[in-house]
Each structure stands twice: as C-alpha cells, then as structure tokens.
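Here's the structure we're looking at; comments come further down.
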There are 2 protein chains.
Amino acid sequence: MAGESVTLTLDAVHSLSVEVLTVNGMASDHAHAIAKVITAGQRDECDSHGLYRLIVCVRTLREGKVVPDAQPVIEDISAAATRVDAKFGYSQLAFEMGKVSLCEKARQLGVSVLAINNCFHFSALWPEVEAIAEEGLVGLALTPSHSWVAPAGGTRPVFGTNPIAFAWPRSGSHPFVFDFATSAIARGDIELHRRSGAKIPLGWALDGDGNPTEDAEKAINGTMLTFGGHKGSALSAMIELLGGALIGDMLSMESQRFDGGVGATPCHGELILAFDPKMLGGGNAELGQQRAEEMFGAITGQGARLPSQRRFDARERSIRNGVVVPVPLYQDVLKLLER
Amino acid sequence: MAGESVTLTLDAVHSLSVEVLTVNGMASDHAHAIAKVITAGQRDECDSHGLYRLIVCVRTLREGKVVPDAQPVIEDISAAATRVDAKFGYSQLAFEMGKVSLCEKARQLGVSVLAINNCFHFSALWPEVEAIAEEGLVGLALTPSHSWVAPAGGTRPVFGTNPIAFAWPRSGSHPFVFDFATSAIARGDIELHRRSGAKIPLGWALDGDGNPTEDAEKAINGTMLTFGGHKGSALSAMIELLGGALIGDMLSMESQRFDGGVGATPCHGELILAFDPKMLGGGNAELGQQRAEEMFGAITGQGARLPSQRRFDARERSIRNGVVVPVPLYQDVLKLLER
C-alpha cells in the first residue's frame, strides 16, 4: 500500500461487507442483502453509499438499535397495496420481500404501492427503483430520515434529507434513473467533507445560530438547507407526509428522537410506487417508449446529461477495473472486523 | 374607474368568465367548470391563473384548437386505475367526472390513479388536489405543458413548465397544499412581466442564443430554466414521463408541435394519484394526522410559512372584500365579449 488508495474487486467489496456485518452480529440473510447495495454504491462511485456506510451500520449494530436478525412480515393491505413490517431490521431484506408483491399488483392494476415500516434505512434509493425498472415497471420511492434540514424561511431542523428516486425502464439501455436528496446536498457528503477537513459551499447549511456556514463540523451540528428554496422545502414536506404520516410511520423529527443521540442509521418508513406502462399506456405502451426516447435524445443531443449517466459510466469502469478506495477509509473498515 | 383597478365580487368574476366563454362558443358545462377554477385563481390572487387566463382560452377557442362541447369518456382501466379521455376539450370537466372514480378506488384499495388524456390544460393543479383533500384523501397531480424549458446543462427547450401539486387533508383547517412549476418560475409570470414591461431576474431564462437574460420578451422567445438545477430538471423529466409517456399521451415537445405555433392552451395528459390514509395508516390514521400536525407546528413555530399560506390568506380577503383587478386586464377581458 504505497499510494493513498487500494483497488478492490467488486467481489472483494461484497465479501468484506458481508464479513464486517456478520462479525458484528448481523444475520446472514440481512448481511447479504445489505452487502449487495453497499457493493452497488461503491461500484457506482456513490462514495457516501459505499463501504463508508459500514461504519454507520456497525455503530448502529453495536448500539443495539437495529434488530440484526429481524424477520420482515408481509401484510396484504389490498389488491393494490402491500405493507412489509421490517420489525426494526435493516430495510434491504424487507424491500426484497415486498418487491415481488409490489410488481405483481402493478401488473394487474396499473399502479401499486409498497409501504415498508419500522426499518433502519441507509442506502440510496436507486437500487430499489432500478430493481423495479428491471421488471419493466416505472418506480418511484421516497423516505424521511432524521431531522437535519430546515424548512424554507426557517433556521431549525424539521425535515430529513428526504430522498426521492425514480426509474423509467428503457429497452436495450440502462433505465432513466434519478435519486436525489431534497436537502441541498446529501448528509453523507457533508460527513465526507468533515472527515477530509474540506470546506463546504455556502447554501448547504446553517450553523447552530442560524447563520450560513462553510464549516462541515458546524453544519453537522447546525441545520442543513433544502435544495431549490421553497419548492425543495415543499417536496421535502411531502416526503415526510407520504413516507411517514400516510403509512403509519415516524417523521424525521420523531425518528431523530427515537435515535436518542446515538447517531445510528435512521429508523422510519418508506413508500414505493410502481406503475405499469402496459396497463396505463392506452393500448400503445410502445408509443410511450418512443416518446420517452425522443425526450432523452433531445436532452443528450444538446450536450446535457441524463441524471444517472455519471453513475452508469462509473459502473462500467468498476466492473472492468474494480473500485478505488482511499486507504484511511479502507483501514477504518478493516478495524470494524475487530470486535 | 378613477383608479387603476376595479374591485369585483367573486360572483361577478364567475359570471363574467362564464359569459366570456359562452359568447366565444364554449358549451355551458365546460364554461361553468372553467369559470370555477378561474374564479378560484383570481380569489387566491394567483394572477396568472385568474381572469388573465380567459385571454388564452378565447384565443384557443377562436383558433379552433379546443373542442368547445367535448363530452369526456370514462374508461375503467382496473380496480385501481381510471382513464378519462377529454376528447380534446378543456380539462376541468374531465377532472370533475374522473374524480369520483379516483376517490372511490382510493378508498377501496388505498391508492388509485386517474389518467386524463387529450385535454387542453391551463389551470393550476391546486384546485384538483384540494378537491381530493376535501374527500379526506391525499392528492398528487402533475402534467407536462409546452416545451419551453431547457434541461440542466442545456440551452434549448425540452420540458414544459411541468407543475406538480400535492395536498394533505387536515381536520379543521385548510389542507397542506403546494403547487409549483418545475421551471424556475411559471410561464404566466414571465408573460405578466412582458405585459408590464418589467425585467425578469437572472436565473429564470436564457435568450435565443443560450445566454442568461433579464428581458421577458427574449425569455419568451428563448428558453426557460428549471428550478433547483439538476434536481429540478430531473423532476421535470419525471413529470414528462408520468404525465405523458406512461399514460399514452404527448410530451411537451410533441404538444408544442401539435399547437402549430398558435400559442393556444397546451394539449396533453395529466396524472393524478389519490391515497387513503385510513387504508395505508396501519390502523391508526389519527396518529398520522398528529405526526403531520407536529411537523406543521415545527415549521410555523419557527416563523417559516406553509406553502399555501399566502394563497389561503388571499382567499379569506377575497371572500370578504372581492378581488382587485387592474383596469388594463379588465378591459382586455371585456373586449373578449365582442365577437
């Protein structure tokens, strides 16, 4: 390790993740489901959703916040709606179980909703909406987190970073996918700035006194801001309501209290919608595909990028060459193997 | 008319709207449905969705673009999905007819979708999501428009102004409602700046050469920008896909071509979702209401505003005192009575 980074194969990232999680007490089915999304995050160079997340996962495990061998329970709410009670385990296994019913119902009725309750949630949402797009369906997912973000016009946290993700299936191509926090930036990015001692741009956060700050430490202890002013703030409120209040789960403020200052993975709910273009397309889903492709072409044809392009480029690079991990992070992860 | 404005009662706004529309050939059921939302827009001081819209409606009628007596046709896609083919009439009557089925299905299954096809659409979306909230349901609506807006990183129009609206029912209070364009600003606002000769802020639009502009005329003939950079741009693409490609209808680029340079009301589709908190709330919808109210209280308690507050304040003012209309606009509307 002469340089400042190590290169790992995707298999090595996956094995390391499984090992770190199981050594720290996670049941095997959960460890494998979680390792899958951590590997996908590292593969797509979403650094804050890759190996770095193992640190928070293990802290959450060691604090006894998450149930390491929770068995999710599926409830058939209706012909269009499914609930999975994750029983205070991590979300990935619950999603894998609920996805089957979500997709079946969407194919039968055109639209379907999956509510995941009582789950610890740390991953990006794009693995979930991409999994729906792989089924030929349109996916939309959203979730609260912890109350770190002030509403527009305010100075104190109310909302979570509240991501929203969407995927549209494309034949013969990666799906059209976006996944973004409704905060100005993902919290993980501020955490990475703190780790590296770098300044953050103005507009991301306020300090504890409600003043704009470039200090990542003060931002973490102050309040983050939403993207897009009052519009981003409104969206963030919608995500609290749909991903929390609607489905009988905690909003970000309550989830924060539930955490009790431990800094564990947030525990809350998640709402996922699936739509079937074949059912809703008026007998001509093919035309809908063509219309979508015309739009994608008009975007890329003027030199603008589709939202997931950088991630898909990284994916191809990582599959070919493996992933590059900074040595300090790699060492921190290896330390998690020591109980 | 000594001053620069006239004051009209809401009844007068409604009657004038019905008269202008029927004199210009609109069937009575459509005229009343449209006058209702125009009156609501003027009442809530959403100037670009009030009496001003009659000018565009009449232009659209006179150009023969819209079918003035279209009879919407309802199709029962599934137990969770309804389609209304507006048959190239205005959208309001189609929504009123489809809403009944949308709400019934949401109550039975927890979630339901309404696709409106082939409608001319000019109104704000908040009247529709508010109507869903009045039924005790959660409403979400979105629609493309005409391709006036560039994607993030681009300089040429692809997206419409693509509004998204959401309503959450609150007992004993106005619902929590937002309704915003995913463009940096509503096109109607740029049009109002052009009418008054005022400059527009940088960040709203680019001129025909792709350069930032403060000139409303150049903005109208150039390209508008999305709000919130690449995130707003991603949302706008989602609205094209859900409100167009998914439901067998035109995207904003095709709708623009369909217009053929006339500048009529955009013709396209609309997607509306309804969710039932009683079905999805896990047996305790009341707790969901309390959680929502805690969040609203945390927002207003720090001096920040809920998204619809200004509009609801205006509503109460207008119901009490009537609405104030600038004389030039009032005269333009009166001229529409002359065939």
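Residues in the structure tokens are numbered from 1 in each chain, the chains being A, B, ... in the order shown, and ligands are numbered from 1 in the order shown.
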Counting only C-alpha atoms, what are the residues of chain B within 7 Å of chain A, and for each of them which pair of atoms is the nearest and at what distance in Å, to one decimal? Sort the table by chain and rising number, as a tab-separated table.
residue	atom	partner	partner_atom	distance
B:Ser78	CA	A:Leu109	CA	5.3
B:Ala79	CA	A:Leu109	CA	6.5
B:Ala80	CA	A:Leu109	CA	5.7
B:Ala81	CA	A:Gly110	CA	6.5
B:Leu109	CA	A:Ser78	CA	5.4
B:Gly110	CA	A:Ala81	CA	6.5
B:Val111	CA	A:Ala80	CA	6.8
B:Val113	CA	A:Val111	CA	7.0
B:Pro151	CA	A:Ile299	CA	6.5
B:Ala152	CA	A:Ala304	CA	6.6
B:Gly153	CA	A:Ala304	CA	4.8
B:Gly154	CA	A:Ala304	CA	5.0
B:Val158	CA	A:Ala298	CA	6.6
B:Phe178	CA	A:Ala234	CA	6.6
B:Phe180	CA	A:Lys231	CA	6.9
B:Phe227	CA	A:Gly228	CA	6.2
B:Gly228	CA	A:Gly228	CA	4.2
B:Lys231	CA	A:Phe180	CA	6.9
B:Ala234	CA	A:Pro307	CA	6.5
B:Leu241	CA	A:Ala292	CA	6.5
B:Ala245	CA	A:Gly288	CA	4.1
B:Leu246	CA	A:Pro277	CA	5.1
B:Ile247	CA	A:Gly281	CA	4.4
B:Gly248	CA	A:Gly281	CA	4.4
B:Leu251	CA	A:Arg291	CA	6.9
B:Pro277	CA	A:Leu246	CA	5.1
B:Leu280	CA	A:Ile247	CA	5.0
B:Gly281	CA	A:Gly248	CA	4.4
B:Gly282	CA	A:Gly248	CA	5.4
B:Asn284	CA	A:Gly248	CA	6.7
B:Ala285	CA	A:Gly248	CA	6.9
B:Gly288	CA	A:Ala245	CA	4.1
B:Gln289	CA	A:Ala245	CA	6.7
B:Arg291	CA	A:Ala245	CA	6.0
B:Ala292	CA	A:Ala245	CA	6.0
B:Met295	CA	A:Val158	CA	6.9
B:Ala298	CA	A:Val158	CA	6.6
B:Ile299	CA	A:Pro151	CA	6.5
B:Gln302	CA	A:Gly154	CA	6.1
B:Gly303	CA	A:Gly154	CA	6.5
B:Ala304	CA	A:Gly153	CA	4.8
B:Pro307	CA	A:Ala234	CA	6.5
Output file for the residues above (C-alpha atoms, as a JSON list (two decimals), in the first residue's frame):
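This is the output file result23.json:
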[["chain", "number", "residue", "atom", "x", "y", "z"],
["B", 78, "SER", "CA", -58.77, -1.55, -13.44],
["B", 79, "ALA", "CA", -59.99, -1.54, -9.86],
["B", 80, "ALA", "CA", -57.19, 0.98, -9.13],
["B", 81, "ALA", "CA", -56.96, 2.98, -12.35],
["B", 109, "LEU", "CA", -57.56, -0.04, -2.30],
["B", 110, "GLY", "CA", -55.52, 2.64, -0.52],
["B", 111, "VAL", "CA", -54.12, 4.04, -3.76],
["B", 113, "VAL", "CA", -54.58, 6.66, -10.29],
["B", 151, "PRO", "CA", -32.77, 20.60, -19.17],
["B", 152, "ALA", "CA", -29.95, 21.29, -16.69],
["B", 153, "GLY", "CA", -26.75, 21.75, -18.69],
["B", 154, "GLY", "CA", -28.64, 22.57, -21.89],
["B", 158, "VAL", "CA", -37.30, 20.19, -23.96],
["B", 178, "PHE", "CA", -48.34, 23.03, -2.67],
["B", 180, "PHE", "CA", -45.37, 24.69, -8.23],
["B", 227, "PHE", "CA", -35.76, 25.45, -10.58],
["B", 228, "GLY", "CA", -33.14, 23.74, -8.44],
["B", 231, "LYS", "CA", -32.66, 18.12, -9.35],
["B", 234, "ALA", "CA", -34.77, 15.50, -13.15],
["B", 241, "LEU", "CA", -42.72, 10.53, -18.31],
["B", 245, "ALA", "CA", -45.29, 8.68, -21.88],
["B", 246, "LEU", "CA", -46.75, 6.44, -19.14],
["B", 247, "ILE", "CA", -50.39, 7.25, -19.84],
["B", 248, "GLY", "CA", -50.33, 7.26, -23.64],
["B", 251, "LEU", "CA", -44.83, 15.01, -24.00],
["B", 277, "PRO", "CA", -54.57, 7.42, 4.97],
["B", 280, "LEU", "CA", -52.50, 2.83, 4.45],
["B", 281, "GLY", "CA", -52.13, 4.14, 8.00],
["B", 282, "GLY", "CA", -51.75, 0.77, 9.66],
["B", 284, "ASN", "CA", -54.08, 4.37, 13.18],
["B", 285, "ALA", "CA", -54.68, 7.19, 10.70],
["B", 288, "GLY", "CA", -50.57, 10.00, 11.19],
["B", 289, "GLN", "CA", -52.60, 13.20, 11.43],
["B", 291, "ARG", "CA", -47.48, 13.39, 13.29],
["B", 292, "ALA", "CA", -48.26, 15.67, 10.35],
["B", 295, "MET", "CA", -44.36, 18.87, 11.60],
["B", 298, "ALA", "CA", -42.45, 22.92, 13.89],
["B", 299, "ILE", "CA", -42.43, 24.82, 10.59],
["B", 302, "GLN", "CA", -40.03, 28.99, 13.87],
["B", 303, "GLY", "CA", -41.63, 31.68, 11.70],
["B", 304, "ALA", "CA", -41.44, 29.77, 8.41],
["B", 307, "PRO", "CA", -46.52, 26.63, 1.16]]
What's the 10 Å shell around B:Cys57, counting only C-alpha atoms, without same-chain residues fewer than 4 positions away, as number ranges by chain? B: 20-21, 24, 26, 34, 52-53, 61-63, 66, 90, 120-122, 264-265
Put those residues in a file: N, CA and C atoms, as a PDB file, in the first residue's frame.
ATOM      1  N   VAL B  20     -67.893  35.321 -20.988  1.00  0.00           N
ATOM      2  CA  VAL B  20     -66.824  35.408 -21.988  1.00  0.00           C
ATOM      3  C   VAL B  20     -66.669  34.075 -22.713  1.00  0.00           C
ATOM      4  N   LEU B  21     -66.724  32.996 -21.958  1.00  0.00           N
ATOM      5  CA  LEU B  21     -66.508  31.682 -22.561  1.00  0.00           C
ATOM      6  C   LEU B  21     -67.681  31.281 -23.456  1.00  0.00           C
ATOM      7  N   ASN B  24     -67.966  33.076 -26.682  1.00  0.00           N
ATOM      8  CA  ASN B  24     -66.959  32.603 -27.626  1.00  0.00           C
ATOM      9  C   ASN B  24     -67.139  31.134 -27.999  1.00  0.00           C
ATOM     10  N   MET B  26     -68.079  28.325 -26.062  1.00  0.00           N
ATOM     11  CA  MET B  26     -67.869  27.201 -25.153  1.00  0.00           C
ATOM     12  C   MET B  26     -69.221  26.656 -24.672  1.00  0.00           C
ATOM     13  N   ILE B  34     -64.835  25.658 -16.082  1.00  0.00           N
ATOM     14  CA  ILE B  34     -63.648  26.503 -16.257  1.00  0.00           C
ATOM     15  C   ILE B  34     -63.765  27.779 -15.422  1.00  0.00           C
ATOM     16  N   TYR B  52     -56.895  36.615 -16.250  1.00  0.00           N
ATOM     17  CA  TYR B  52     -55.917  36.688 -17.337  1.00  0.00           C
ATOM     18  C   TYR B  52     -56.016  35.490 -18.275  1.00  0.00           C
ATOM     19  N   ARG B  53     -56.301  34.311 -17.690  1.00  0.00           N
ATOM     20  CA  ARG B  53     -56.323  33.087 -18.490  1.00  0.00           C
ATOM     21  C   ARG B  53     -57.432  33.079 -19.538  1.00  0.00           C
ATOM     22  N   LEU B  61     -60.005  28.941 -28.266  1.00  0.00           N
ATOM     23  CA  LEU B  61     -61.330  28.691 -28.860  1.00  0.00           C
ATOM     24  C   LEU B  61     -61.403  29.226 -30.285  1.00  0.00           C
ATOM     25  N   ARG B  62     -60.964  30.479 -30.451  1.00  0.00           N
ATOM     26  CA  ARG B  62     -61.094  31.124 -31.764  1.00  0.00           C
ATOM     27  C   ARG B  62     -60.226  30.466 -32.817  1.00  0.00           C
ATOM     28  N   GLU B  63     -59.111  29.888 -32.379  1.00  0.00           N
ATOM     29  CA  GLU B  63     -58.232  29.199 -33.328  1.00  0.00           C
ATOM     30  C   GLU B  63     -58.780  27.822 -33.683  1.00  0.00           C
ATOM     31  N   VAL B  66     -59.487  23.824 -29.531  1.00  0.00           N
ATOM     32  CA  VAL B  66     -60.151  23.050 -28.489  1.00  0.00           C
ATOM     33  C   VAL B  66     -61.577  22.724 -28.951  1.00  0.00           C
ATOM     34  N   TYR B  90     -61.450  21.135 -22.788  1.00  0.00           N
ATOM     35  CA  TYR B  90     -60.688  21.584 -21.629  1.00  0.00           C
ATOM     36  C   TYR B  90     -60.745  20.535 -20.529  1.00  0.00           C
ATOM     37  N   PHE B 120     -57.032  19.974 -23.062  1.00  0.00           N
ATOM     38  CA  PHE B 120     -56.370  21.278 -23.047  1.00  0.00           C
ATOM     39  C   PHE B 120     -56.327  21.731 -21.594  1.00  0.00           C
ATOM     40  N   HIS B 121     -55.137  22.122 -21.151  1.00  0.00           N
ATOM     41  CA  HIS B 121     -54.943  22.310 -19.719  1.00  0.00           C
ATOM     42  C   HIS B 121     -54.263  23.637 -19.435  1.00  0.00           C
ATOM     43  N   PHE B 122     -54.923  24.499 -18.685  1.00  0.00           N
ATOM     44  CA  PHE B 122     -54.306  25.786 -18.382  1.00  0.00           C
ATOM     45  C   PHE B 122     -54.299  26.091 -16.890  1.00  0.00           C
ATOM     46  N   ALA B 264     -51.872  28.396 -28.356  1.00  0.00           N
ATOM     47  CA  ALA B 264     -53.097  28.007 -27.653  1.00  0.00           C
ATOM     48  C   ALA B 264     -52.741  27.397 -26.302  1.00  0.00           C
ATOM     49  N   THR B 265     -53.774  27.096 -25.520  1.00  0.00           N
ATOM     50  CA  THR B 265     -53.585  26.329 -24.297  1.00  0.00           C
ATOM     51  C   THR B 265     -52.947  24.987 -24.662  1.00  0.00           C
TER      52      THR B 265
END
For atom CA of B:Val324 and atom CA of B:Leu8, determine how far apart the two atoms are, in Å to one decimal place.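 Rounded to one decimal, the two atoms are 6.5 Å apart.
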Determine, counting only C-alpha atoms, which protein, DNA and RNA residues have an atom within 6 Å of an atom of stretch 219-225 of chain A; residues of the same chain fewer than 4 positions away are not included. Present the result as a list in words.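 Skipping anything fewer than 4 positions along the chain leaves Trp148, Val149, Ala150, Pro157, Ser183, Ala184, Trp204, Ala205, Leu206, Asp207 and Gly208 of chain A.
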As a list of chain:residue names, please: every residue in stretch 61-163 of chain B that DSSP puts in strand (DSSP E or B). B:Val73, B:Ile74, B:Glu75, B:Asp76, B:Ala81, B:Thr82, B:Arg83, B:Val84, B:Asp85, B:Tyr90, B:Val111, B:Ser112, B:Val113, B:Leu114, B:Ala115, B:Ile116, B:Asn117, B:Asn118, B:Cys119, B:Phe120, B:Val138, B:Gly139, B:Leu140, B:Ala141, B:Leu142, B:Val149, B:Phe159, B:Pro163
At a cut-off of 10 Å, using only C-alpha atoms, what residues contact stretch 93-97 of chain B? Leave out same-chain residues fewer than 6 positions from it and give the result as a list of chain:residue names.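 Returned residues: B:Asp29, B:His30, B:Ala31, B:His32, B:Ala33, B:Ile34, B:Ala70, B:Gln71, B:Pro72, B:Val73, B:Ile74, B:Arg83, B:Val84, B:Asp85, B:Ala86, B:Lys87, B:Leu114, B:Ala115, B:Ile116, B:Asn117, B:Asn118, B:Cys119, B:Glu128, B:Ala131, B:Glu270, B:Ile272.
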